[in-house]
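Notes to accompany the following structure.
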Amino acid sequence: MEPSQSPSNASRRQFIKKTATASAGFTIVPSHVVSGQGKVPPPSETLGGALIGAGGRGPGTFKRLGDNVQMLAKCDVKYVGQEDNKTVYSDFRRLLERKDIDVVAIATPPHWHALISMAAAAAGKDVVCEKPMTRFIAEGRAVVETFKRYNRIFQIGTFGRFGVSRKKGSILRHKIMSSGLLDPCPVVYHHKGGLKVKQWSGRADLTPTEPPENLNWDLYVGPSPMKSYVRQRTGGTHRNYWDYEGGGLADMAQHSLDPFQWTYAKDHTSPVEIEAHAPPAHPELCAMWGWIEMKYADGLTLVMESDEWGDPYTRRKARGLSLQDLSQEDQSKIAAMPDPEPLVSFPEAVKTRQQAGGHAEAAHRCATLLHLANISIRTGRKIKYDPIKEEIIGDEQANRLVNPPMRAPWHLPF
Amino acid sequence: MKPTAEIIALVNETPDLDEYGKVDGAPWPESAKIYDTLLNQGADSIRQVVGMLQVIDDGTDYKPRYVIHGLVMHAGKPEKQVQRKLLRETLCSELQEDYPASIKGYLLRQLQLCGNDSSVPVIGAFLLDEENWEYAAQALQAIGGDASLGQFRAPLAKAASSEKHLLTALQALGSFQDAPSAAAVRKHLSHKSETIRLATAWALAMMADAEAVPGLLKLVDNTSGWARLQVVDFSLTLAYKLTVAGKNALSSKIRDHLDAAQKEGEPIS
């Protein structure tokens, strides 16, 4: 495709970069400060909480808000006819209007994660959001900038990084990688299996029907392209559709990629080359793939292998990292480095206004891994990515999957 | 176009769905042979595959749908300019044939991935379509450029009587940050529909429209709840953009107004 001036790509990214640099003068006062006459809430204070997306993942995600949170309301598009707009809502916009709700857990399908997270931040709420953080890459950057704008706390609902960040070996690897002393990096991180590829592949033989009366189908579809209703587009099997998620890869891979990303100090960058082994993708349905190889600029290689389709990955053998990969002089430098600060839990971050572990930038970079892998699967080719501009290089069609337009009235804020 | 036995046989080389109705495609090199054959045979072969599409996507026409999408992704490879030109011209030509709306919708969604400036007039003709206007708008926004933008300027006036078309046009013009449209857009700030008013406010903020400042601040004062949260957010975006444009006094005016208008418990400073 010939280069084009797409409003949903280059110009928006440029604006976000510009506004990000100008954002210091526009920081929003946190709602706790406003409502509490300049004070943060004391540790004993009970916070008002809400759950948006009350399906299978909802209760677990809500629990992550902390022990001092009282659930005041829950919301789901399938509550049409049950809503009292006091404790039960079918439209998240009404729920976010409430000033007594401080923290929100979001467990909708992922095509709503970014928009509801940003709307919650604009309404002064702190957010725990179920993974994956986004449906496409550009949403993640918008979430990062929005949470800066409103000075809110965001935490993604996977916690693998908390475990590895307490392990001696992972801490050492984190220090080596964040020191910048290892270049090129010889590590080949190979994750195999457990990705539910077949399980979250969609069925292509389903007949559309009328949506049930208790479901607001238009609001369910939201920013995604409007399609005819089939039950499998909702209720967990939404994972099977490009319109809402991205198959087993988008659903499961973050469990291993979140700790990987912390261990190898990749919370602020993304791979530069991505190649997938997969058949041509279905236009609507997530389906099979064999493996994905992703390379970072420093040489670190990440391999995800489904073990469910096609030929096995044989290009390179898994290869770890040790202090002996460095010179004696550099080993001394690592030994002198302080350990990283402990990651901050969401409840602690809400109290102290520190950045939470699994914050928006880290979650965005982790989701970017999933999206880049799926773009390579869908295009059937190797892609090159610019992790600073956050766009695919020299492939207009692939780039159109980085920031697909949303259905009005839903849009990214910038 | 009615498919020949040869084309049907070629499309049927696509693997069947498995016992659970799931796709288990052949590796790319094998699938690409089908795509290359069709592209080498030319437009009529592609038209015949389009002719195999059914009105309802219930799996009956799984193979031609899968092949058409595969063609789009295959021809989307950067080096396949000739094949891509053939494909997009053929899909545009089919869009002008007498197919049911659902099939045209499918073709528009494929053009979102492979269309370019030359496809814009054909796609633009659907912006006021009753069923496919959103797919057309999304395709044009993905294609981008002045040609696509031009398609949204013209229908703005025509769409005024239809809220769904107007909403989509306003949002697209906001996405394009199309400052020359600001005057035409601004009049919708007082539209009877809150959804239209919010879309208008966002579009004007995206256009960095200095003349929209009074209108947006008036909306801040006169709305509540969700709408107010949204308009405050759009006003902040406008303030950012005005700062970037060097219009610091106007930007400060917005900030001062938001400060003064802040209500107890609101997350604005």
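Naming scheme: A, B, ... for chains in displayed order of the structure tokens; residues 1 onward per chain; ligands 1 onward as shown.
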Can you pull out every residue within 12 Å of Gly56 of chain A, counting only C-alpha atoms, but drop anything in the same chain fewer than 6 positions away, and send it as a VMD selection string? chain A and resid 62 76 106 to 109 130 234 to 237
Go ahead and dump the residues you just picked, all heavy atoms, as a tab-separated table (two decimals), in the first residue's frame.
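The result, stored in part30.tsv:
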```tsv
chain	number	residue	atom	x	y	z
A	62	PHE	N	-12.21	-7.83	40.87
A	62	PHE	CA	-12.64	-6.88	41.92
A	62	PHE	C	-11.83	-7.08	43.20
A	62	PHE	O	-11.44	-6.11	43.86
A	62	PHE	CB	-14.13	-7.05	42.21
A	62	PHE	CG	-14.65	-6.02	43.18
A	62	PHE	CD1	-15.04	-4.77	42.74
A	62	PHE	CD2	-14.67	-6.28	44.55
A	62	PHE	CE1	-15.47	-3.80	43.63
A	62	PHE	CE2	-15.10	-5.32	45.44
A	62	PHE	CZ	-15.49	-4.07	44.99
A	76	ASP	N	-23.06	-4.39	33.96
A	76	ASP	CA	-22.83	-5.29	32.84
A	76	ASP	C	-23.89	-5.02	31.78
A	76	ASP	O	-25.06	-4.75	32.13
A	76	ASP	CB	-22.89	-6.75	33.30
A	76	ASP	CG	-22.20	-7.68	32.32
A	76	ASP	OD1	-22.66	-7.81	31.17
A	76	ASP	OD2	-21.16	-8.25	32.70
A	106	ILE	N	-12.25	-3.49	36.13
A	106	ILE	CA	-12.81	-3.65	34.79
A	106	ILE	C	-12.53	-5.06	34.29
A	106	ILE	O	-11.37	-5.47	34.16
A	106	ILE	CB	-12.20	-2.61	33.82
A	106	ILE	CG1	-12.53	-1.19	34.32
A	106	ILE	CG2	-12.73	-2.82	32.40
A	106	ILE	CD1	-11.77	-0.11	33.60
A	107	ALA	N	-13.60	-5.80	34.05
A	107	ALA	CA	-13.45	-7.19	33.59
A	107	ALA	C	-14.38	-7.46	32.42
A	107	ALA	O	-14.92	-8.56	32.26
A	107	ALA	CB	-13.72	-8.15	34.74
A	108	THR	N	-14.57	-6.46	31.60
A	108	THR	CA	-15.33	-6.63	30.36
A	108	THR	C	-14.46	-7.39	29.35
A	108	THR	O	-13.27	-7.60	29.60
A	108	THR	CB	-15.64	-5.25	29.75
A	108	THR	OG1	-14.37	-4.62	29.45
A	108	THR	CG2	-16.40	-4.35	30.72
A	109	PRO	N	-14.99	-7.74	28.19
A	109	PRO	CA	-14.11	-8.18	27.12
A	109	PRO	C	-13.12	-7.05	26.75
A	109	PRO	O	-13.43	-5.87	26.95
A	109	PRO	CB	-15.08	-8.49	25.96
A	109	PRO	CG	-16.36	-8.82	26.64
A	109	PRO	CD	-16.42	-7.91	27.83
A	130	GLU	N	-8.57	-6.06	33.95
A	130	GLU	CA	-8.25	-7.43	33.55
A	130	GLU	C	-7.37	-7.39	32.29
A	130	GLU	O	-7.45	-6.47	31.48
A	130	GLU	CB	-9.57	-8.18	33.28
A	130	GLU	CG	-9.45	-9.63	32.87
A	130	GLU	CD	-8.68	-10.45	33.88
A	130	GLU	OE1	-9.13	-10.61	35.03
A	130	GLU	OE2	-7.59	-10.93	33.53
A	234	THR	N	-20.12	-13.48	22.82
A	234	THR	CA	-20.17	-13.00	24.21
A	234	THR	C	-19.82	-14.14	25.16
A	234	THR	O	-19.63	-15.28	24.73
A	234	THR	CB	-21.59	-12.51	24.56
A	234	THR	OG1	-22.50	-13.63	24.54
A	234	THR	CG2	-22.09	-11.46	23.57
A	235	GLY	N	-19.72	-13.79	26.43
A	235	GLY	CA	-19.67	-14.82	27.47
A	235	GLY	C	-18.44	-15.70	27.47
A	235	GLY	O	-18.55	-16.93	27.61
A	236	GLY	N	-17.28	-15.15	27.33
A	236	GLY	CA	-16.04	-15.93	27.41
A	236	GLY	C	-15.52	-16.31	26.04
A	236	GLY	O	-14.33	-16.15	25.74
A	237	THR	N	-16.42	-16.80	25.18
A	237	THR	CA	-15.99	-17.14	23.82
A	237	THR	C	-15.78	-15.89	22.95
A	237	THR	O	-15.41	-16.01	21.79
A	237	THR	CB	-16.99	-18.10	23.15
A	237	THR	OG1	-18.33	-17.66	23.47
A	237	THR	CG2	-16.81	-19.52	23.62
```
Select from segment 130-163 of chain B everything DSSP, run on the backbone, classes as alpha helix (DSSP H), then give the selection as a ChimeraX atom specification. /B:133-143,145-153,155-158,163
Distance query Ile176 of chain A at most 10 Å, only C-alpha atoms, self and fewer than 3 positions along chain excluded, as a ChimeraX atom specification: /A:170-173,179-182,263-265,321-323,325-326,330-331,333-335,337
Selected residue of minimal separation from chain A among B:Gly105, B:Gly225, B:Gly150, B:Gly174, counting only C-alpha atoms: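 Nearest to chain A: B:Gly225.
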Quick one: everything within 12 Å of Leu167 of chain B, counting only C-alpha atoms, minus sequence neighbours fewer than 2 positions away in the same chain. Send it as number ranges by chain. A: 407-411; B: 127-128, 133-134, 137, 152, 155-157, 159-165, 169-174, 185, 188, 191, 193-203
With only C-alpha atoms as the counted atoms, please give the residues lying no more than 7 Å from His282 of chain A, apart from itself and same-chain residues fewer than 3 positions off, as a ChimeraX atom specification. /A:285-286 /B:66
Selection file, all heavy atoms, as a compact mmCIF listing (two decimals), in the first residue's frame:
```txt
# COMPACT_ATOMS: atom_id res chain seq x y z
N LEU A 285 -12.34 -14.70 12.85
CA LEU A 285 -12.06 -15.63 13.95
C LEU A 285 -10.58 -15.82 14.20
O LEU A 285 -9.80 -16.00 13.26
CB LEU A 285 -12.67 -17.00 13.61
CG LEU A 285 -14.17 -17.00 13.33
CD1 LEU A 285 -14.57 -18.32 12.67
CD2 LEU A 285 -14.94 -16.80 14.62
N CYS A 286 -10.21 -15.83 15.45
CA CYS A 286 -8.86 -16.20 15.82
C CYS A 286 -8.76 -17.71 15.62
O CYS A 286 -9.70 -18.44 15.91
CB CYS A 286 -8.58 -15.86 17.27
SG CYS A 286 -9.06 -14.17 17.68
N TYR B 66 -13.06 -16.92 3.30
CA TYR B 66 -11.69 -17.15 3.74
C TYR B 66 -10.71 -16.85 2.61
O TYR B 66 -9.67 -16.21 2.82
CB TYR B 66 -11.58 -18.61 4.19
CG TYR B 66 -10.27 -19.01 4.81
CD1 TYR B 66 -9.92 -18.61 6.10
CD2 TYR B 66 -9.38 -19.84 4.12
CE1 TYR B 66 -8.73 -19.01 6.68
CE2 TYR B 66 -8.18 -20.24 4.69
CZ TYR B 66 -7.86 -19.83 5.98
OH TYR B 66 -6.67 -20.22 6.54
```
Calculated over only C-alpha atoms, which of the candidates B:Ser235, B:Gln230, B:Asn222, B:Asn40 has the smallest distance to chain A?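 Of all the options, B:Gln230 lies closest to chain A.
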Contact check, segment 287-384 of chain A to segment 46-52 of chain A, at most 12 Å, counting only C-alpha atoms, closest pairs as CSV:
```
residue,atom,partner,partner_atom,distance
A:Pro347,CA,A:Leu47,CA,10.1
A:Val350,CA,A:Leu47,CA,10.0
A:Lys351,CA,A:Leu47,CA,10.5
```
Figure out the distance between atom CA of Gly59 of chain B and atom CA of Pro208 of chain A, please, to one decimal in Å.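 Here the two named atoms are 10.5 Å from each other.
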Could you check how far atom CA of Gln151 of chain B sits from atom CA of Arg400 of chain A, in Å to one decimal? 19.3 Å
Compile a residue-level contact table for segment 335-377 of chain A against segment 144-163 of chain A at a cut-off of 12 Å, reporting for every qualifying residue the shortest atom pair and its distance in Å to one decimal, with only C-alpha atoms counted, rows ordered by chain and ascending number, as JSON lines.
```
{"residue": "A:Glu341", "atom": "CA", "partner": "A:Phe162", "partner_atom": "CA", "distance": 11.5}
{"residue": "A:Pro342", "atom": "CA", "partner": "A:Phe162", "partner_atom": "CA", "distance": 8.4}
{"residue": "A:Leu343", "atom": "CA", "partner": "A:Phe162", "partner_atom": "CA", "distance": 6.5}
{"residue": "A:Val344", "atom": "CA", "partner": "A:Phe162", "partner_atom": "CA", "distance": 8.7}
{"residue": "A:Ser345", "atom": "CA", "partner": "A:Gln155", "partner_atom": "CA", "distance": 8.5}
{"residue": "A:Phe346", "atom": "CA", "partner": "A:Gln155", "partner_atom": "CA", "distance": 6.5}
{"residue": "A:Pro347", "atom": "CA", "partner": "A:Ile153", "partner_atom": "CA", "distance": 9.8}
{"residue": "A:Glu348", "atom": "CA", "partner": "A:Ile153", "partner_atom": "CA", "distance": 10.3}
{"residue": "A:Ala349", "atom": "CA", "partner": "A:Ile153", "partner_atom": "CA", "distance": 6.9}
{"residue": "A:Val350", "atom": "CA", "partner": "A:Ile153", "partner_atom": "CA", "distance": 6.6}
{"residue": "A:Lys351", "atom": "CA", "partner": "A:Ile153", "partner_atom": "CA", "distance": 10.0}
{"residue": "A:Thr352", "atom": "CA", "partner": "A:Ile153", "partner_atom": "CA", "distance": 10.2}
{"residue": "A:Arg353", "atom": "CA", "partner": "A:Ile153", "partner_atom": "CA", "distance": 7.2}
{"residue": "A:Gln354", "atom": "CA", "partner": "A:Ile153", "partner_atom": "CA", "distance": 8.0}
{"residue": "A:Gln355", "atom": "CA", "partner": "A:Ile153", "partner_atom": "CA", "distance": 6.7}
{"residue": "A:Ala356", "atom": "CA", "partner": "A:Gln155", "partner_atom": "CA", "distance": 6.0}
{"residue": "A:Gly357", "atom": "CA", "partner": "A:Gln155", "partner_atom": "CA", "distance": 6.8}
{"residue": "A:Gly358", "atom": "CA", "partner": "A:Gln155", "partner_atom": "CA", "distance": 5.3}
{"residue": "A:His359", "atom": "CA", "partner": "A:Gln155", "partner_atom": "CA", "distance": 4.8}
{"residue": "A:Ala360", "atom": "CA", "partner": "A:Val144", "partner_atom": "CA", "distance": 5.3}
{"residue": "A:Glu361", "atom": "CA", "partner": "A:Val144", "partner_atom": "CA", "distance": 5.8}
{"residue": "A:Ala362", "atom": "CA", "partner": "A:Ile156", "partner_atom": "CA", "distance": 8.7}
{"residue": "A:Ala363", "atom": "CA", "partner": "A:Ile156", "partner_atom": "CA", "distance": 6.1}
{"residue": "A:His364", "atom": "CA", "partner": "A:Val144", "partner_atom": "CA", "distance": 7.6}
{"residue": "A:Arg365", "atom": "CA", "partner": "A:Val144", "partner_atom": "CA", "distance": 10.4}
{"residue": "A:Cys366", "atom": "CA", "partner": "A:Ile156", "partner_atom": "CA", "distance": 10.1}
{"residue": "A:Ala367", "atom": "CA", "partner": "A:Ile156", "partner_atom": "CA", "distance": 10.3}
```
Any chance you can output those residues with N, CA and C atoms as a short mmCIF file (atom, residue, chain, number, x, y, z; two decimals), in the first residue's frame?
```
data_model
loop_
_atom_site.label_atom_id
_atom_site.label_comp_id
_atom_site.auth_asym_id
_atom_site.auth_seq_id
_atom_site.Cartn_x
_atom_site.Cartn_y
_atom_site.Cartn_z
N GLU A 341 13.55 -1.47 43.53
CA GLU A 341 12.55 -1.24 44.57
C GLU A 341 11.45 -2.30 44.47
N PRO A 342 10.91 -2.75 45.60
CA PRO A 342 9.80 -3.72 45.54
C PRO A 342 8.62 -3.14 44.74
N LEU A 343 7.94 -4.02 44.01
CA LEU A 343 6.77 -3.55 43.27
C LEU A 343 5.64 -3.18 44.23
N VAL A 344 4.87 -2.21 43.84
CA VAL A 344 3.83 -1.66 44.72
C VAL A 344 2.48 -2.27 44.33
N SER A 345 1.76 -2.80 45.31
CA SER A 345 0.44 -3.38 45.04
C SER A 345 -0.56 -2.24 44.76
N PHE A 346 -1.69 -2.61 44.19
CA PHE A 346 -2.70 -1.59 43.88
C PHE A 346 -3.20 -0.88 45.14
N PRO A 347 -3.59 -1.62 46.21
CA PRO A 347 -4.07 -0.90 47.40
C PRO A 347 -3.02 0.06 47.96
N GLU A 348 -1.76 -0.36 47.93
CA GLU A 348 -0.69 0.50 48.44
C GLU A 348 -0.53 1.73 47.53
N ALA A 349 -0.62 1.50 46.23
CA ALA A 349 -0.47 2.61 45.29
C ALA A 349 -1.60 3.64 45.46
N VAL A 350 -2.79 3.14 45.72
CA VAL A 350 -3.92 4.06 45.92
C VAL A 350 -3.67 4.94 47.15
N LYS A 351 -3.11 4.33 48.18
CA LYS A 351 -2.85 5.10 49.41
C LYS A 351 -1.72 6.10 49.22
N THR A 352 -0.65 5.63 48.60
CA THR A 352 0.59 6.43 48.59
C THR A 352 0.75 7.23 47.31
N ARG A 353 -0.04 6.97 46.31
CA ARG A 353 0.03 7.58 44.98
C ARG A 353 1.34 7.25 44.27
N GLN A 354 1.98 6.13 44.69
CA GLN A 354 3.12 5.63 43.93
C GLN A 354 2.61 4.87 42.71
N GLN A 355 3.49 4.65 41.74
CA GLN A 355 3.12 3.86 40.57
C GLN A 355 2.97 2.39 40.98
N ALA A 356 1.91 1.75 40.54
CA ALA A 356 1.68 0.35 40.87
C ALA A 356 2.54 -0.55 40.00
N GLY A 357 2.91 -1.74 40.52
CA GLY A 357 3.53 -2.74 39.67
C GLY A 357 2.51 -3.17 38.63
N GLY A 358 2.95 -3.36 37.36
CA GLY A 358 1.98 -3.63 36.30
C GLY A 358 1.23 -2.37 35.94
N HIS A 359 1.95 -1.25 35.94
CA HIS A 359 1.35 0.06 35.63
C HIS A 359 1.00 0.15 34.14
N ALA A 360 0.46 1.29 33.75
CA ALA A 360 -0.10 1.40 32.39
C ALA A 360 0.97 1.19 31.31
N GLU A 361 2.15 1.78 31.48
CA GLU A 361 3.18 1.64 30.43
C GLU A 361 3.61 0.17 30.31
N ALA A 362 3.83 -0.49 31.47
CA ALA A 362 4.24 -1.89 31.43
C ALA A 362 3.14 -2.76 30.80
N ALA A 363 1.90 -2.48 31.17
CA ALA A 363 0.79 -3.27 30.63
C ALA A 363 0.64 -3.02 29.12
N HIS A 364 0.86 -1.78 28.72
CA HIS A 364 0.78 -1.44 27.29
C HIS A 364 1.86 -2.18 26.50
N ARG A 365 3.07 -2.20 27.05
CA ARG A 365 4.16 -2.87 26.33
C ARG A 365 3.92 -4.39 26.28
N CYS A 366 3.32 -4.93 27.33
CA CYS A 366 3.03 -6.36 27.32
C CYS A 366 1.93 -6.67 26.30
N ALA A 367 0.90 -5.83 26.28
CA ALA A 367 -0.17 -6.03 25.30
C ALA A 367 0.37 -5.85 23.88
#
```
Got a sec: who's within 9 Å of segment 108-118 of chain B, counting only C-alpha atoms, leaving out chain neighbours fewer than 4 positions off, as an MDAnalysis selection string? (chainID A and resid 1:2 4 283 396:398 400:401) or (chainID B and resid 68:69 72:73 75:76 84:85 87:89 91:92 95 103:104 122:123 132 135:136 138:148)
Judged by only C-alpha atoms, the minimum distance to Lys382 of chain A among B:Ala154, B:Asp129, B:Pro78, B:Pro180 is found for B:Pro78
Pick from A:His113, A:Arg381, A:Arg141, A:Lys99: nearest to Pro280 of chain A, with only C-alpha atoms counted?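 Under the stated criterion, the closest residue is A:Arg381.
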